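Chemist: Sharing a structure below in structure tokens format, with a few things to ask.
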Amino acid sequence: MLKRLLGVGLAAVALSASNVAAQVEIEANAMAINLTGRLHAMWDYSSASEDLSSVFLIRRARLTMEIEVNDFISGKIQPEFSTGFSLENGLRLKDAYVDMTFAPEFRVRMGQFKRPFDLFELTSSTQTLVIERTGVVRGVDPSCAGVGSICSYSRLTEKLGYSERDVGLMIGGVIDDNWVWSASFTNGTIFEDVVRFISEDDTTEVFSEGKSFGGRLEYRGDKLRVGANAAAHDFANDSTLDEVDYGFAYGADLEWGSYTSGLHVQAGITAGDNWRDLDTDGDPTFFWTTQGIVTYKIPVSNNRFVEAIEPVGRVSYADLDAEATDEQINEGLLLTPGFVVYFIGRNKVALNVDIFAPGDDNDTEYSVKVMSYLHF
């Protein structure tokens with residue numbers, strides 16, 4: 001682990017060994033460099049997967065470099081390797097941005113980053129209270145209208161593009177030590193999907209102005225965190241190809257407690273347009289979803305291996321104003337009991353059982369997940 005390499009004009013660092021011919025040199029002009037990493041290895045069992053009931057996954061392996069050039073310029077680079085639930089090896093870029101801090105009240109970020117939306121997505125994967133934000137159950141069929149898989153809080157916000165990462169510009173800052181604000185302007189769906197909508201005369205300029213917007217205002221106290229958020233996400237509507245359409249979403253959330261010990265609660269509600277599921281008039285259907293997670297961390301003393309234990313419980317409900325078909329459902333209830341054993345810091349092992357009860361009398365399915373967390 002490389003921690004806080006200080007000093008402007010950092011000299012070159014040479015790593016060599018007598019039996020190794022190659023030499024690695026690292027040069028930097030940064031005031032501080034912070035190198036961290038995480039490795040999350042998972043075993044997953046699904047009652048809904050006929051082809052592969054259980055599988056081992058490298059859920060995520062990331063090496064993160066945070067760079068501080070001076071009090072004004074800083075940045076972050078974070079690539080990730082993951083087999084994910086698609087069972088396909090993948091190397092992708094997660095975070096990659098530059099921050100320009102003009103004052104605590106005003107900062108500009110350019111690059112790829114998480115959009116400023118809900119609390120659950122903004123929580124780091126090293127600290128999420130449950131193993132999978134979406135509660136995914138492999139092989140669930142039928143799937144949630146528009147977004148596929150199961151109907152859950154994070155599944156909707158992620159797949160509808162109101163949360164998760166995008167490339168663009170974000171401004172924000174801290175006011176009076178307690179109020180945090182942020183607003184984003186990013187590429188959105190049109191940039192990603194424009195090729196699919198090229199018309200016969202190859203005119204794609206009608207989509208060139210499509211962008212997505214997001215904003216969040218948050219109060220942070222000693223143990224209490226309360227936020228409100230809104231977003232507008234562009235999409236190409238098959239029935240109105242001569243213009244860019246937008247889906248809108250809004251929500252609120254709160255967090256009580258800390259990651260050190262005792263009671264910890266996260267809760268949120270979000271509603272808006274399901275632009276991936278259009279009605280007969282070409283308008284997005286309406287959705288609303290709510291979620292609550294409760295944990296209680298109990299420190300363990302006089303044990304050389306275990307630092308703390310933590311029972312976990314989640315309830316997530318989603319309701320879509322969409323007409324259910326044989327292939328789709330329009331509501332779902334996700335329940336997640338679980339248990340976490342902490343070794344030291346964020347190094348731990350967790351067990352979750354994600355139980356999904358879809359609407360329209362479809363079969364309840366479940367997934368058992370065990371994940372080990374290495375963090376440095």
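Going by the structure tokens order, chains are called A, B, ..., each with residues numbered from 1, while ligands are numbered from 1 in the order shown.
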What's the 9 Å shell around A:Glu132, counting only C-alpha atoms, without same-chain residues fewer than 3 positions away, as a short mmCIF file (atom, residue, chain, number, x, y, z; two decimals) with N, CA and C atoms, in the first residue's frame?
Modeler:
data_model
loop_
_atom_site.label_atom_id
_atom_site.label_comp_id
_atom_site.auth_asym_id
_atom_site.auth_seq_id
_atom_site.Cartn_x
_atom_site.Cartn_y
_atom_site.Cartn_z
N SER A 125 -18.84 0.92 -2.70
CA SER A 125 -19.04 -0.53 -2.67
C SER A 125 -18.27 -1.19 -1.54
N THR A 128 -21.24 -0.48 1.31
CA THR A 128 -22.66 -0.77 1.15
C THR A 128 -23.10 -1.77 2.22
N LEU A 129 -24.29 -1.56 2.75
CA LEU A 129 -24.76 -2.37 3.87
C LEU A 129 -25.22 -3.75 3.42
N GLY A 135 -29.97 -6.27 -5.52
CA GLY A 135 -30.54 -7.52 -5.06
C GLY A 135 -30.76 -8.53 -6.17
N VAL A 136 -29.94 -8.46 -7.20
CA VAL A 136 -30.12 -9.27 -8.41
C VAL A 136 -30.25 -10.76 -8.07
N ASN A 352 -25.69 -12.80 2.40
CA ASN A 352 -27.01 -12.23 2.13
C ASN A 352 -27.89 -13.26 1.44
N ASP A 354 -31.12 -12.83 -0.89
CA ASP A 354 -32.02 -11.92 -1.58
C ASP A 354 -33.26 -12.70 -2.03
N LYS A 369 -25.89 -15.27 -1.41
CA LYS A 369 -24.62 -14.67 -1.80
C LYS A 369 -23.68 -14.64 -0.60
#
Chemist: May I ask which of the residues A:Ser372, A:Ser74, A:Ser82, A:Thr123 is the closest one to A:Asn347, counting only C-alpha atoms?
Modeler: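 Nearest candidate to A:Asn347 out of A:Ser372, A:Ser74, A:Ser82, A:Thr123: A:Ser372.
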Chemist: Show which residues sit within 6 Å of A:Ser184, as a list in words. Count only C-alpha atoms, and ignore same-chain residues fewer than 5 positions away.
Modeler: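 Everything that qualifies: Leu169, Met170, Phe213 and Gly214 of chain A.
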Chemist: Please compute the atom CA of A:Ala249-atom CA of A:Gly227 distance, one decimal, in Å.
Modeler: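 Interatomic distance here is 14.3 Å.
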